[in-house]
>>> print(open('my_file16.cif').read())   # mmCIF, C-alpha atoms
data_query
loop_
_atom_site.label_atom_id
_atom_site.label_comp_id
_atom_site.auth_asym_id
_atom_site.auth_seq_id
_atom_site.Cartn_x
_atom_site.Cartn_y
_atom_site.Cartn_z
CA MET A 1 -23.62 -2.88 101.82
CA THR A 2 -25.86 -5.43 103.49
CA ILE A 3 -25.61 -8.07 100.84
CA GLN A 4 -21.84 -8.29 101.11
CA ARG A 5 -22.04 -9.40 104.74
CA THR A 6 -22.51 -12.92 105.90
CA ASP A 7 -24.33 -14.15 108.96
CA SER A 8 -22.98 -16.55 111.57
CA THR A 9 -23.61 -19.59 109.40
CA GLY A 10 -21.69 -18.01 106.53
CA ARG A 11 -24.79 -17.47 104.44
CA ALA A 12 -24.96 -14.22 102.55
CA MET A 13 -27.41 -11.63 103.74
CA ALA A 14 -29.16 -11.52 100.37
CA HIS A 15 -31.67 -13.97 101.73
CA ASP A 16 -32.08 -11.77 104.75
CA THR A 17 -32.91 -8.71 102.64
CA VAL A 18 -35.95 -10.53 101.34
CA GLY A 19 -36.87 -11.81 104.79
CA ARG A 20 -36.58 -8.38 106.34
CA PHE A 21 -38.73 -6.83 103.65
CA GLU A 22 -41.37 -9.51 104.10
CA ASP A 23 -41.32 -8.66 107.76
CA LEU A 24 -41.73 -4.98 106.93
CA ILE A 25 -44.79 -5.71 104.79
CA GLU A 26 -46.22 -7.83 107.57
CA ARG A 27 -45.72 -5.16 110.20
CA HIS A 28 -46.49 -1.96 108.33
CA HIS A 29 -48.78 -2.68 105.40
CA ASP A 30 -52.04 -2.12 107.25
CA GLU A 31 -51.09 1.21 108.78
CA ILE A 32 -49.60 2.49 105.53
CA TYR A 33 -52.78 1.51 103.73
CA ALA A 34 -54.91 3.30 106.34
CA TYR A 35 -52.68 6.36 106.08
CA VAL A 36 -52.94 6.59 102.29
CA TRP A 37 -56.67 5.87 102.41
CA ARG A 38 -57.12 8.66 104.93
CA MET A 39 -55.08 11.07 102.81
CA LEU A 40 -57.29 10.26 99.81
CA ASP A 41 -60.62 10.54 101.53
CA GLY A 42 -61.36 6.87 101.14
CA GLY A 43 -64.33 7.23 103.48
CA TYR A 44 -66.03 9.85 101.32
CA ARG A 45 -65.00 9.01 97.80
CA ASP A 46 -65.49 5.53 96.42
CA GLU A 47 -62.43 5.89 94.19
CA GLY A 48 -60.40 6.64 97.30
CA ALA A 49 -60.19 3.02 98.32
CA LEU A 50 -59.30 1.87 94.84
CA GLU A 51 -56.62 4.50 94.42
CA ALA A 52 -55.21 3.81 97.84
CA ALA A 53 -54.38 0.23 96.83
CA ASP A 54 -52.52 1.49 93.73
CA ILE A 55 -50.58 4.05 95.70
CA VAL A 56 -49.71 1.56 98.44
CA GLN A 57 -48.35 -0.82 95.82
CA ASP A 58 -46.36 1.99 94.23
CA ALA A 59 -44.98 2.90 97.66
CA PHE A 60 -43.91 -0.66 98.49
CA GLU A 61 -42.30 -1.09 95.06
CA ARG A 62 -40.27 2.07 95.56
CA ALA A 63 -39.43 1.05 99.09
CA TYR A 64 -38.14 -2.32 97.91
CA ARG A 65 -35.93 -0.74 95.26
CA ALA A 66 -34.45 1.61 97.85
CA PHE A 67 -34.34 -0.99 100.63
CA PRO A 68 -30.76 -2.23 100.05
CA ARG A 69 -29.53 1.35 100.52
CA LEU A 70 -31.48 1.94 103.73
CA HIS A 71 -29.16 2.37 106.69
CA PRO A 72 -29.68 -0.45 109.22
CA ASP A 73 -30.22 2.05 112.05
CA SER A 74 -32.86 4.07 110.22
CA ASN A 75 -36.39 4.40 111.50
CA VAL A 76 -38.02 2.09 108.95
CA ARG A 77 -41.52 3.18 109.85
CA ALA A 78 -40.85 6.90 109.28
CA TRP A 79 -38.97 6.01 106.09
CA LEU A 80 -42.01 4.11 104.77
CA TYR A 81 -44.33 6.97 105.67
CA LYS A 82 -42.09 9.33 103.77
CA ILE A 83 -42.28 7.19 100.63
CA ALA A 84 -46.04 6.74 101.02
CA THR A 85 -46.45 10.50 101.53
CA ASN A 86 -44.54 11.29 98.35
CA CYS A 87 -46.56 8.76 96.34
CA THR A 88 -49.78 10.19 97.74
CA TYR A 89 -48.84 13.78 96.96
CA THR A 90 -48.06 12.78 93.39
CA ALA A 91 -51.51 11.20 93.10
CA LEU A 92 -53.18 14.23 94.70
CA LYS A 93 -51.48 16.54 92.22
CA ARG A 94 -52.82 14.45 89.37
CA HIS A 95 -56.33 15.00 90.71
CA ARG A 96 -55.91 18.65 91.53
CA PRO A 97 -58.99 19.85 89.58
CA GLN A 98 -61.20 17.69 91.73
CA THR A 99 -59.44 18.75 94.91
CA ARG A 100 -60.08 22.37 93.92
CA LEU A 101 -63.78 21.69 93.53
CA ASP A 102 -63.95 20.17 96.96
CA ALA A 103 -62.20 23.19 98.41
CA ASN A 104 -64.65 25.64 96.84
CA ASP A 105 -67.49 23.51 97.97
CA SER A 106 -66.27 23.57 101.54
CA GLU A 107 -65.90 27.33 101.49
CA GLU A 108 -69.48 27.70 100.37
CA ARG A 109 -70.70 25.52 103.13
CA LEU A 110 -68.58 27.23 105.72
CA GLY A 111 -69.80 30.62 104.56
CA ASP A 112 -73.39 29.59 105.07
CA PRO A 113 -73.68 28.23 108.59
CA ASN A 114 -77.36 27.55 108.35
CA PRO A 115 -78.45 25.06 110.98
CA GLY A 116 -81.29 22.89 109.71
CA PRO A 117 -84.55 22.58 111.60
CA GLU A 118 -83.94 19.02 112.69
CA GLN A 119 -81.05 18.18 114.98
CA SER A 120 -80.03 15.04 113.07
CA VAL A 121 -79.97 16.85 109.75
CA ALA A 122 -78.00 19.65 111.32
CA TYR A 123 -75.58 17.16 112.76
CA ALA A 124 -75.12 15.49 109.39
CA GLU A 125 -74.46 18.85 107.82
CA ASP A 126 -72.02 19.76 110.53
CA VAL A 127 -70.15 16.55 110.09
CA SER A 128 -70.02 17.10 106.38
CA ALA A 129 -68.84 20.69 106.86
CA MET A 130 -66.22 19.40 109.23
CA HIS A 131 -65.19 16.79 106.74
CA ALA A 132 -65.07 19.32 103.92
CA SER A 133 -62.86 21.42 106.10
CA ILE A 134 -60.54 18.49 106.71
CA SER A 135 -60.27 17.69 103.03
CA ALA A 136 -59.56 21.33 102.23
CA LEU A 137 -56.49 21.34 104.48
CA PRO A 138 -53.14 21.76 102.76
CA PRO A 139 -51.63 18.28 102.27
CA ASN A 140 -48.83 18.80 104.81
CA GLN A 141 -51.28 19.78 107.54
CA ARG A 142 -53.61 16.94 106.74
CA ALA A 143 -50.74 14.46 106.61
CA ALA A 144 -49.35 15.72 109.91
CA LEU A 145 -52.74 15.53 111.62
CA VAL A 146 -53.45 12.04 110.32
CA MET A 147 -50.00 10.79 111.34
CA ARG A 148 -50.25 12.38 114.77
CA TYR A 149 -53.79 11.46 115.77
CA LEU A 150 -54.77 8.44 113.68
CA GLN A 151 -51.49 6.72 112.93
CA GLY A 152 -49.80 7.34 116.27
CA LEU A 153 -46.46 8.71 115.01
CA ASP A 154 -44.34 10.96 117.19
CA TYR A 155 -43.13 14.34 115.99
CA GLY A 156 -39.70 13.04 115.09
CA GLU A 157 -41.27 10.47 112.81
CA ILE A 158 -43.70 12.98 111.31
CA ALA A 159 -40.82 15.34 110.60
CA ALA A 160 -38.87 12.53 108.91
CA ALA A 161 -41.93 11.54 106.86
CA LEU A 162 -42.55 15.11 105.71
CA GLY A 163 -38.87 15.78 105.17
CA SER A 164 -39.11 18.78 107.49
CA SER A 165 -37.88 19.91 110.89
CA GLU A 166 -39.67 18.81 114.03
CA GLU A 167 -40.81 22.42 114.62
CA SER A 168 -42.35 22.49 111.21
CA ALA A 169 -44.09 19.16 111.87
CA ARG A 170 -45.54 20.60 115.09
CA ALA A 171 -46.59 23.76 113.27
CA ASN A 172 -48.38 21.70 110.62
CA VAL A 173 -50.31 19.85 113.30
CA SER A 174 -51.26 22.98 115.24
CA HIS A 175 -52.18 25.03 112.16
CA GLY A 176 -54.31 22.19 110.89
CA LEU A 177 -56.02 21.90 114.25
CA ARG A 178 -56.65 25.61 114.43
CA ARG A 179 -58.45 25.51 111.11
CA LEU A 180 -60.55 22.57 112.18
CA ARG A 181 -61.39 24.17 115.49
CA ALA A 182 -62.53 27.26 113.63
CA THR A 183 -64.93 25.09 111.65
CA LEU A 184 -66.03 23.42 114.83
CA ALA A 185 -66.74 26.75 116.46
CA ALA A 186 -68.63 28.06 113.43
CA GLY A 187 -70.55 25.01 112.37
CA ILE A 188 -70.97 22.59 115.25
CA PRO A 189 -72.25 24.41 118.31
CA GLU A 190 -72.67 21.57 120.82
CA SER A 191 -73.40 18.34 119.09
CA VAL A 192 -69.87 17.02 118.88
CA GLU A 193 -68.43 18.41 122.07
CA MET B 194 -60.43 26.81 126.15
CA ASN B 195 -58.48 30.04 126.43
CA GLU B 196 -56.61 31.74 123.62
CA GLN B 197 -53.18 30.83 124.92
CA ALA B 198 -53.87 27.14 125.26
CA GLN B 199 -55.25 27.16 121.77
CA SER B 200 -52.16 28.77 120.28
CA GLN B 201 -49.88 26.44 122.18
CA GLY B 202 -51.27 23.55 120.29
CA MET B 203 -53.02 20.31 120.63
CA ASP B 204 -51.35 18.48 123.44
CA ASN B 205 -53.63 20.17 125.95
CA GLN B 206 -56.69 18.34 124.79
CA PRO B 207 -55.76 15.39 122.64
CA ASP B 208 -59.09 13.64 123.08
CA GLU B 209 -61.13 16.35 121.46
CA ASP B 210 -58.57 16.80 118.69
CA GLN B 211 -58.58 13.12 118.04
CA ASN B 212 -62.37 13.26 117.78
CA ILE B 213 -62.18 15.90 115.09
CA VAL B 214 -59.63 14.00 113.06
CA THR B 215 -61.50 10.73 113.51
CA LEU B 216 -64.10 12.08 111.09
CA ILE B 217 -61.65 11.13 108.35
CA GLY B 218 -62.65 7.54 109.01
CA THR B 219 -61.02 4.11 108.99
CA PRO B 220 -60.85 1.72 106.05
CA ASN B 221 -62.86 -1.44 106.47
CA PRO B 222 -60.83 -4.57 107.26
CA GLY B 223 -61.81 -6.33 104.04
CA VAL B 224 -60.31 -3.58 101.91
CA VAL B 225 -57.13 -3.61 103.98
CA ARG B 226 -56.85 -7.40 103.63
CA GLY B 227 -57.33 -7.10 99.87
CA SER B 228 -54.49 -4.61 99.60
CA ARG B 229 -52.24 -6.74 101.81
CA ARG B 230 -52.91 -9.78 99.62
CA ARG B 231 -52.04 -7.74 96.55
CA ILE B 232 -48.74 -6.58 98.08
CA ASN B 233 -47.83 -10.12 99.14
CA GLU B 234 -48.53 -11.45 95.64
CA TRP B 235 -46.49 -8.69 94.06
CA PHE B 236 -43.60 -9.37 96.40
CA GLU B 237 -43.63 -13.08 95.73
CA LYS B 238 -43.26 -12.36 92.02
CA THR B 239 -40.69 -9.61 92.55
CA ALA B 240 -38.41 -11.56 94.82
CA PRO B 241 -38.13 -14.88 92.99
CA VAL B 242 -36.31 -17.86 94.39
CA ILE B 243 -32.74 -18.62 93.36
CA THR B 244 -31.80 -22.18 94.19
CA TRP B 245 -28.15 -23.09 94.47
CA ASP B 246 -25.81 -25.94 95.31
CA THR B 247 -22.12 -26.72 95.32
CA PHE B 248 -20.01 -29.76 94.49
CA ASP B 249 -16.35 -30.72 94.23
CA SER B 250 -14.69 -31.02 90.84
CA PRO B 251 -11.14 -31.63 89.61
CA LEU B 252 -10.89 -27.83 89.41
CA GLY B 253 -12.04 -27.16 92.96
CA ARG B 254 -15.43 -26.33 94.34
CA VAL B 255 -18.06 -25.41 91.78
CA TYR B 256 -21.09 -23.32 92.77
CA ILE B 257 -24.15 -23.22 90.58
CA ALA B 258 -27.43 -21.31 90.88
CA ILE B 259 -30.67 -21.68 88.98
CA THR B 260 -33.75 -19.52 88.63
CA GLU B 261 -37.13 -20.41 87.19
CA GLN B 262 -35.59 -19.46 83.79
CA GLY B 263 -32.69 -21.86 84.05
CA LEU B 264 -29.02 -21.81 85.01
CA SER B 265 -28.04 -18.30 86.10
CA ASN B 266 -24.60 -18.52 87.75
CA VAL B 267 -21.59 -20.81 87.71
CA GLU B 268 -18.43 -20.08 89.66
CA ILE B 269 -15.29 -22.11 90.26
CA GLY B 270 -13.02 -21.98 93.29
CA THR B 271 -14.79 -19.14 95.05
CA SER B 272 -16.15 -19.03 98.61
CA GLU B 273 -19.76 -19.60 99.45
CA SER B 274 -20.34 -16.10 100.78
CA GLU B 275 -18.67 -14.55 97.76
CA PHE B 276 -20.80 -16.64 95.44
CA LEU B 277 -24.02 -15.74 97.26
CA SER B 278 -23.13 -12.06 97.38
CA ARG B 279 -23.02 -12.02 93.58
CA LEU B 280 -26.52 -13.42 93.17
CA ASP B 281 -29.45 -11.08 92.63
CA PRO B 282 -29.81 -9.26 95.97
CA MET B 283 -33.53 -8.85 95.38
CA ALA B 284 -34.10 -12.61 95.28
CA ARG B 285 -34.46 -15.24 97.99
CA THR B 286 -31.56 -17.66 97.89
CA GLU B 287 -32.03 -21.21 99.00
CA ARG B 288 -29.66 -24.17 98.90
CA ASN B 289 -31.49 -27.20 97.60
CA THR B 290 -29.47 -30.16 96.35
CA SER B 291 -32.36 -32.11 94.84
CA VAL B 292 -33.76 -29.20 92.84
CA VAL B 293 -30.32 -28.44 91.40
CA ALA B 294 -29.47 -32.15 90.87
CA PRO B 295 -30.43 -32.35 87.15
CA PHE B 296 -27.97 -29.52 86.49
CA THR B 297 -25.25 -30.88 88.78
CA ARG B 298 -25.46 -34.25 87.03
CA GLN B 299 -24.50 -32.75 83.68
CA PHE B 300 -21.46 -31.09 85.26
CA ARG B 301 -20.34 -34.39 86.79
CA GLU B 302 -20.74 -36.10 83.43
CA TYR B 303 -18.69 -33.34 81.84
CA PHE B 304 -15.85 -33.77 84.33
CA ASP B 305 -16.05 -37.57 83.81
CA HIS B 306 -15.56 -37.07 80.03
CA ALA B 307 -19.06 -38.45 79.49
CA ARG B 308 -20.49 -35.20 78.12
CA SER B 309 -19.13 -32.42 75.94
CA ARG B 310 -22.29 -30.33 75.51
CA PHE B 311 -24.66 -29.05 78.14
CA GLU B 312 -28.37 -29.34 77.56
CA MET B 313 -30.15 -27.04 79.93
CA ARG B 314 -32.07 -23.78 79.92
CA LEU B 315 -29.94 -20.71 80.56
CA ASP B 316 -30.99 -17.51 82.26
CA PHE B 317 -29.34 -14.59 80.45
CA ARG B 318 -31.42 -11.88 82.13
CA LYS B 319 -28.45 -10.41 83.97
CA THR B 320 -26.43 -9.95 80.78
CA THR B 321 -26.61 -7.14 78.25
CA PRO B 322 -28.06 -7.87 74.77
CA PHE B 323 -24.56 -7.63 73.25
CA GLN B 324 -23.10 -9.95 75.86
CA GLN B 325 -25.91 -12.42 75.35
CA ARG B 326 -25.23 -12.41 71.60
CA VAL B 327 -21.54 -13.16 72.23
CA LEU B 328 -22.27 -15.86 74.80
CA GLU B 329 -24.83 -17.62 72.62
CA THR B 330 -22.45 -17.52 69.67
CA ILE B 331 -19.57 -19.17 71.49
CA ARG B 332 -21.76 -22.02 72.66
CA ALA B 333 -21.20 -23.35 69.13
CA ILE B 334 -17.45 -23.82 69.69
CA PRO B 335 -16.97 -27.62 70.02
CA ALA B 336 -15.10 -29.03 73.00
CA GLY B 337 -11.46 -29.70 72.17
CA THR B 338 -11.17 -26.69 69.86
CA VAL B 339 -10.46 -23.01 70.43
CA TRP B 340 -11.40 -19.75 68.72
CA THR B 341 -9.67 -16.39 68.96
CA TYR B 342 -11.38 -13.22 70.19
CA GLY B 343 -11.15 -11.91 66.62
CA GLN B 344 -12.96 -14.99 65.28
CA VAL B 345 -15.78 -14.47 67.75
CA ALA B 346 -16.02 -10.80 66.76
CA LYS B 347 -16.31 -11.86 63.10
CA ALA B 348 -18.89 -14.50 63.96
CA ILE B 349 -21.20 -11.92 65.53
CA GLY B 350 -20.76 -9.68 62.50
CA GLU B 351 -18.65 -7.04 64.23
CA PRO B 352 -15.07 -7.81 63.17
CA THR B 353 -13.60 -4.77 64.94
CA ALA B 354 -15.20 -5.57 68.28
CA SER B 355 -12.53 -7.96 69.66
CA ARG B 356 -12.06 -5.85 72.77
CA ALA B 357 -15.80 -5.68 73.50
CA VAL B 358 -15.97 -9.43 72.94
CA GLY B 359 -13.17 -9.91 75.46
CA HIS B 360 -15.08 -7.87 78.00
CA ALA B 361 -18.33 -9.76 77.36
CA LEU B 362 -16.53 -13.06 77.90
CA GLY B 363 -14.65 -11.80 80.95
CA THR B 364 -17.94 -11.25 82.77
CA ASN B 365 -19.57 -14.49 81.62
CA PRO B 366 -21.79 -15.61 84.53
CA LEU B 367 -22.14 -19.15 83.14
CA LEU B 368 -18.61 -20.56 83.25
CA ILE B 369 -17.99 -23.97 81.64
CA VAL B 370 -21.53 -24.22 80.19
CA VAL B 371 -20.93 -21.17 78.03
CA PRO B 372 -17.36 -22.12 77.09
CA CYS B 373 -15.55 -18.79 77.21
CA HIS B 374 -12.46 -20.81 78.17
CA ARG B 375 -12.36 -21.93 74.51
CA VAL B 376 -11.59 -18.39 73.36
CA ILE B 377 -7.93 -17.34 73.35
CA GLY B 378 -5.73 -14.54 72.04
CA ASN B 379 -4.89 -14.17 68.33
CA ASP B 380 -1.27 -14.95 69.24
CA GLY B 381 -2.23 -18.25 70.85
CA THR B 382 -1.85 -17.12 74.48
CA LEU B 383 -4.68 -17.87 76.89
CA ARG B 384 -5.18 -14.20 77.88
CA GLY B 385 -7.65 -14.10 80.80
CA TYR B 386 -10.22 -16.13 82.70
CA LYS B 387 -12.57 -15.19 85.52
CA ALA B 388 -11.61 -18.22 87.60
CA GLY B 389 -7.89 -17.85 86.84
CA LEU B 390 -5.65 -18.82 83.92
CA GLU B 391 -4.68 -22.09 85.57
CA THR B 392 -8.33 -23.15 85.60
CA LYS B 393 -8.72 -22.13 81.96
CA GLN B 394 -5.74 -24.27 81.03
CA LYS B 395 -7.04 -27.26 83.02
CA LEU B 396 -10.43 -27.01 81.35
CA LEU B 397 -8.87 -26.94 77.87
CA ARG B 398 -6.63 -29.92 78.70
CA LEU B 399 -9.62 -31.79 80.12
CA GLU B 400 -11.33 -31.27 76.76
CA GLY B 401 -8.24 -32.31 74.82
CA ALA B 402 -7.62 -28.96 73.19
CA PRO B 403 -4.14 -28.41 71.74
CA VAL B 404 -2.78 -25.93 74.30
#
>>> encode(input="my_file16.cif", output="structure tokens")
Amino acid sequence: MTIQRTDSTGRAMAHDTVGRFEDLIERHHDEIYAYVWRMLDGGYRDEGALEAADIVQDAFERAYRAFPRLHPDSNVRAWLYKIATNCTYTALKRHRPQTRLDANDSEERLGDPNPGPEQSVAYAEDVSAMHASISALPPNQRAALVMRYLQGLDYGEIAAALGSSEESARANVSHGLRRLRATLAAGIPESVE
Amino acid sequence: MNEQAQSQGMDNQPDEDQNIVTLIGTPNPGVVRGSRRRINEWFEKTAPVITWDTFDSPLGRVYIAITEQGLSNVEIGTSESEFLSRLDPMARTERNTSVVAPFTRQFREYFDHARSRFEMRLDFRKTTPFQQRVLETIRAIPAGTVWTYGQVAKAIGEPTASRAVGHALGTNPLLIVVPCHRVIGNDGTLRGYKAGLETKQKLLRLEGAPV
């Protein structure tokens, strides 16, 4: 166990545990916040930002409790994402009724690809259809897409964060993309490409 | 894009894929800063400072640690790394002679026969409620006298709990200040002591107890 060891000056590593965790907050807080915010639709729901802060705190509290047991060679970043993912899923489950509504809503919009008369209005609608499609993705696909394209994790890290195999992480990314591309093909003819 | 490329996945055209996903958005920097501040404040409270120091005594090196609640650990004749490894691993530890000085002074006075009672705040947070009850009870035993484990059990109102009392005293984190060395067996033998029986005997002799 880390705290039993001493460093070269004979000081116990207990001090170092705190220092290393402070370092971890410094290095990873912002990306973990962005990740949780993105999972919660912070850009489209005002409560998203508020909730994200609660979930991030929950994640760091859990991380700190588990920190002494973390193997020194572990990928700390993937480990943090895993904790943040679990906390986020718990929160999403709590709000399932609302998530359901969003999903129905998106289906309606996708089923009625009615381009408006004005290009700008059409574009806004397309973006919102696209967004609805993103928020209707199963959590694992959404998480994998966000980690891959917005958070810059590699597949090994995504797999570790989702507690899955690397193949499954890749499958989540490609299935998610396929769904989004289908929306793109149906709802956004040229404006985005 | 052809069917095959599509089924193979995203690596063929990461730019476009990134564009799609970018619709999810990015939190504004102020919100991120707010959350970071909140985490930093939480962590400062969660990982409190434990200040410690060490000094020489007639019994060997004494290590003491204090928290914002008061004295939390006293050990005799141990090594520095062993002492530090027993402090709360979730706290920052920091050696600071001047902060600990008011506590150290009382120990010096005690070893110089200039003090028989310690007057300082004690941090019992790492003890169980039962242990705390036992430890607070035995603080009343005057220097120079001894009680038996059975007497302590009676004093806390649980006359059959001698064994539990012995265990509570055996893991006393506040040696000397909470005088578990003043508790001995019903048959007059010293029984046990965390820092060794020899140390227990020296402490009792220092206090003039009849042992």
>>> atom_distance(input="my_file16.cif", atom1="CA of Glu22 (chain A)", atom2="CA of Ile232 (chain B)")
10.0 Å
>>> residues_near_point(input="my_file16.cif", point="(-28.3, -23.7, 99.2)", cutoff="6 Å", atoms="only C-alpha atoms", output="MDAnalysis selection string")
chainID B and resid 245:246 287:289
>>> write_last_selection(input="my_file16.cif", atoms="C-alpha atoms", output="compact mmCIF listing (two decimals), in the coordinates of the input")
# COMPACT_ATOMS: atom_id res chain seq x y z
CA TRP B 245 -28.15 -23.09 94.47
CA ASP B 246 -25.81 -25.94 95.31
CA GLU B 287 -32.03 -21.21 99.00
CA ARG B 288 -29.66 -24.17 98.90
CA ASN B 289 -31.49 -27.20 97.60
>>> resolve_selection(input="my_file16.cif", expression="the PyMOL selection byres ((chain B and resi 249) around 12)", output="PyMOL selection string")
chain B and resi 246-248+250-257+268-271+297+300-301+304
>>> write_last_selection(input="my_file16.cif", atoms="C-alpha atoms", output="compact mmCIF listing (two decimals), in the frame of the given file")
# COMPACT_ATOMS: atom_id res chain seq x y z
CA ASP B 246 -25.81 -25.94 95.31
CA THR B 247 -22.12 -26.72 95.32
CA PHE B 248 -20.01 -29.76 94.49
CA SER B 250 -14.69 -31.02 90.84
CA PRO B 251 -11.14 -31.63 89.61
CA LEU B 252 -10.89 -27.83 89.41
CA GLY B 253 -12.04 -27.16 92.96
CA ARG B 254 -15.43 -26.33 94.34
CA VAL B 255 -18.06 -25.41 91.78
CA TYR B 256 -21.09 -23.32 92.77
CA ILE B 257 -24.15 -23.22 90.58
CA GLU B 268 -18.43 -20.08 89.66
CA ILE B 269 -15.29 -22.11 90.26
CA GLY B 270 -13.02 -21.98 93.29
CA THR B 271 -14.79 -19.14 95.05
CA THR B 297 -25.25 -30.88 88.78
CA PHE B 300 -21.46 -31.09 85.26
CA ARG B 301 -20.34 -34.39 86.79
CA PHE B 304 -15.85 -33.77 84.33
>>> resolve_selection(input="my_file16.cif", expression="the PyMOL selection byres ((chain B) within 6 of (chain A))", output="PyMOL selection string")
chain B and resi 202+211+218+228+274+277-278+282+285-286
>>> write_last_selection(input="my_file16.cif", atoms="C-alpha atoms", output="short mmCIF file (atom, residue, chain, number, x, y, z; two decimals), keeping the file's coordinate frame")
data_model
loop_
_atom_site.label_atom_id
_atom_site.label_comp_id
_atom_site.auth_asym_id
_atom_site.auth_seq_id
_atom_site.Cartn_x
_atom_site.Cartn_y
_atom_site.Cartn_z
CA GLY B 202 -51.27 23.55 120.29
CA GLN B 211 -58.58 13.12 118.04
CA GLY B 218 -62.65 7.54 109.01
CA SER B 228 -54.49 -4.61 99.60
CA SER B 274 -20.34 -16.10 100.78
CA LEU B 277 -24.02 -15.74 97.26
CA SER B 278 -23.13 -12.06 97.38
CA PRO B 282 -29.81 -9.26 95.97
CA ARG B 285 -34.46 -15.24 97.99
CA THR B 286 -31.56 -17.66 97.89
#
>>> atom_distance(input="my_file16.cif", atom1="CA of Gln262 (chain B)", atom2="CA of Asn233 (chain B)")
21.7 Å
>>> resolve_selection(input="my_file16.cif", expression="the PyMOL selection byres ((chain B and resi 378) around 10)", output="VMD selection string")
chain B and resid 339 to 344 355 359 376 to 377 379 to 385
>>> atom_distance(input="my_file16.cif", atom1="CA of Ala63 (chain A)", atom2="CA of Thr215 (chain B)")
28.1 Å
>>> closest_residue(input="my_file16.cif", among="B:Ala258, B:Ile217, B:Ala284, B:Leu367", to="Pro241 (chain B)", atoms="all atoms listed in the file")
B:Ala284
>>> decode(input="my_file16.cif", residues="region 148-161 of chain A", atoms="N, CA and C atoms", output="short mmCIF file (atom, residue, chain, number, x, y, z; two decimals), in the first residue's frame")
data_model
loop_
_atom_site.label_atom_id
_atom_site.label_comp_id
_atom_site.auth_asym_id
_atom_site.auth_seq_id
_atom_site.Cartn_x
_atom_site.Cartn_y
_atom_site.Cartn_z
N ARG A 148 -14.33 9.79 -27.73
CA ARG A 148 -13.46 9.64 -28.90
C ARG A 148 -13.23 10.98 -29.60
N TYR A 149 -14.30 11.73 -29.84
CA TYR A 149 -14.17 12.91 -30.70
C TYR A 149 -14.06 14.23 -29.97
N LEU A 150 -14.55 14.31 -28.73
CA LEU A 150 -14.48 15.60 -28.04
C LEU A 150 -13.48 15.58 -26.89
N GLN A 151 -13.24 14.39 -26.34
CA GLN A 151 -12.34 14.32 -25.19
C GLN A 151 -10.96 13.78 -25.58
N GLY A 152 -10.86 13.24 -26.77
CA GLY A 152 -9.55 12.80 -27.26
C GLY A 152 -8.99 11.55 -26.59
N LEU A 153 -9.86 10.62 -26.18
CA LEU A 153 -9.37 9.37 -25.58
C LEU A 153 -9.13 8.34 -26.68
N ASP A 154 -8.17 7.45 -26.46
CA ASP A 154 -8.00 6.37 -27.43
C ASP A 154 -8.91 5.20 -27.06
N TYR A 155 -8.96 4.21 -27.95
CA TYR A 155 -9.95 3.14 -27.73
C TYR A 155 -9.67 2.33 -26.47
N GLY A 156 -8.40 2.18 -26.15
CA GLY A 156 -8.05 1.47 -24.92
C GLY A 156 -8.64 2.19 -23.71
N GLU A 157 -8.52 3.50 -23.72
CA GLU A 157 -9.03 4.29 -22.59
C GLU A 157 -10.56 4.27 -22.56
N ILE A 158 -11.18 4.35 -23.74
CA ILE A 158 -12.64 4.31 -23.79
C ILE A 158 -13.14 2.97 -23.27
N ALA A 159 -12.47 1.90 -23.69
CA ALA A 159 -12.85 0.56 -23.22
C ALA A 159 -12.76 0.49 -21.70
N ALA A 160 -11.64 1.01 -21.15
CA ALA A 160 -11.46 0.98 -19.69
C ALA A 160 -12.55 1.80 -19.01
N ALA A 161 -12.90 2.95 -19.59
CA ALA A 161 -13.91 3.82 -18.98
C ALA A 161 -15.29 3.17 -19.03
#
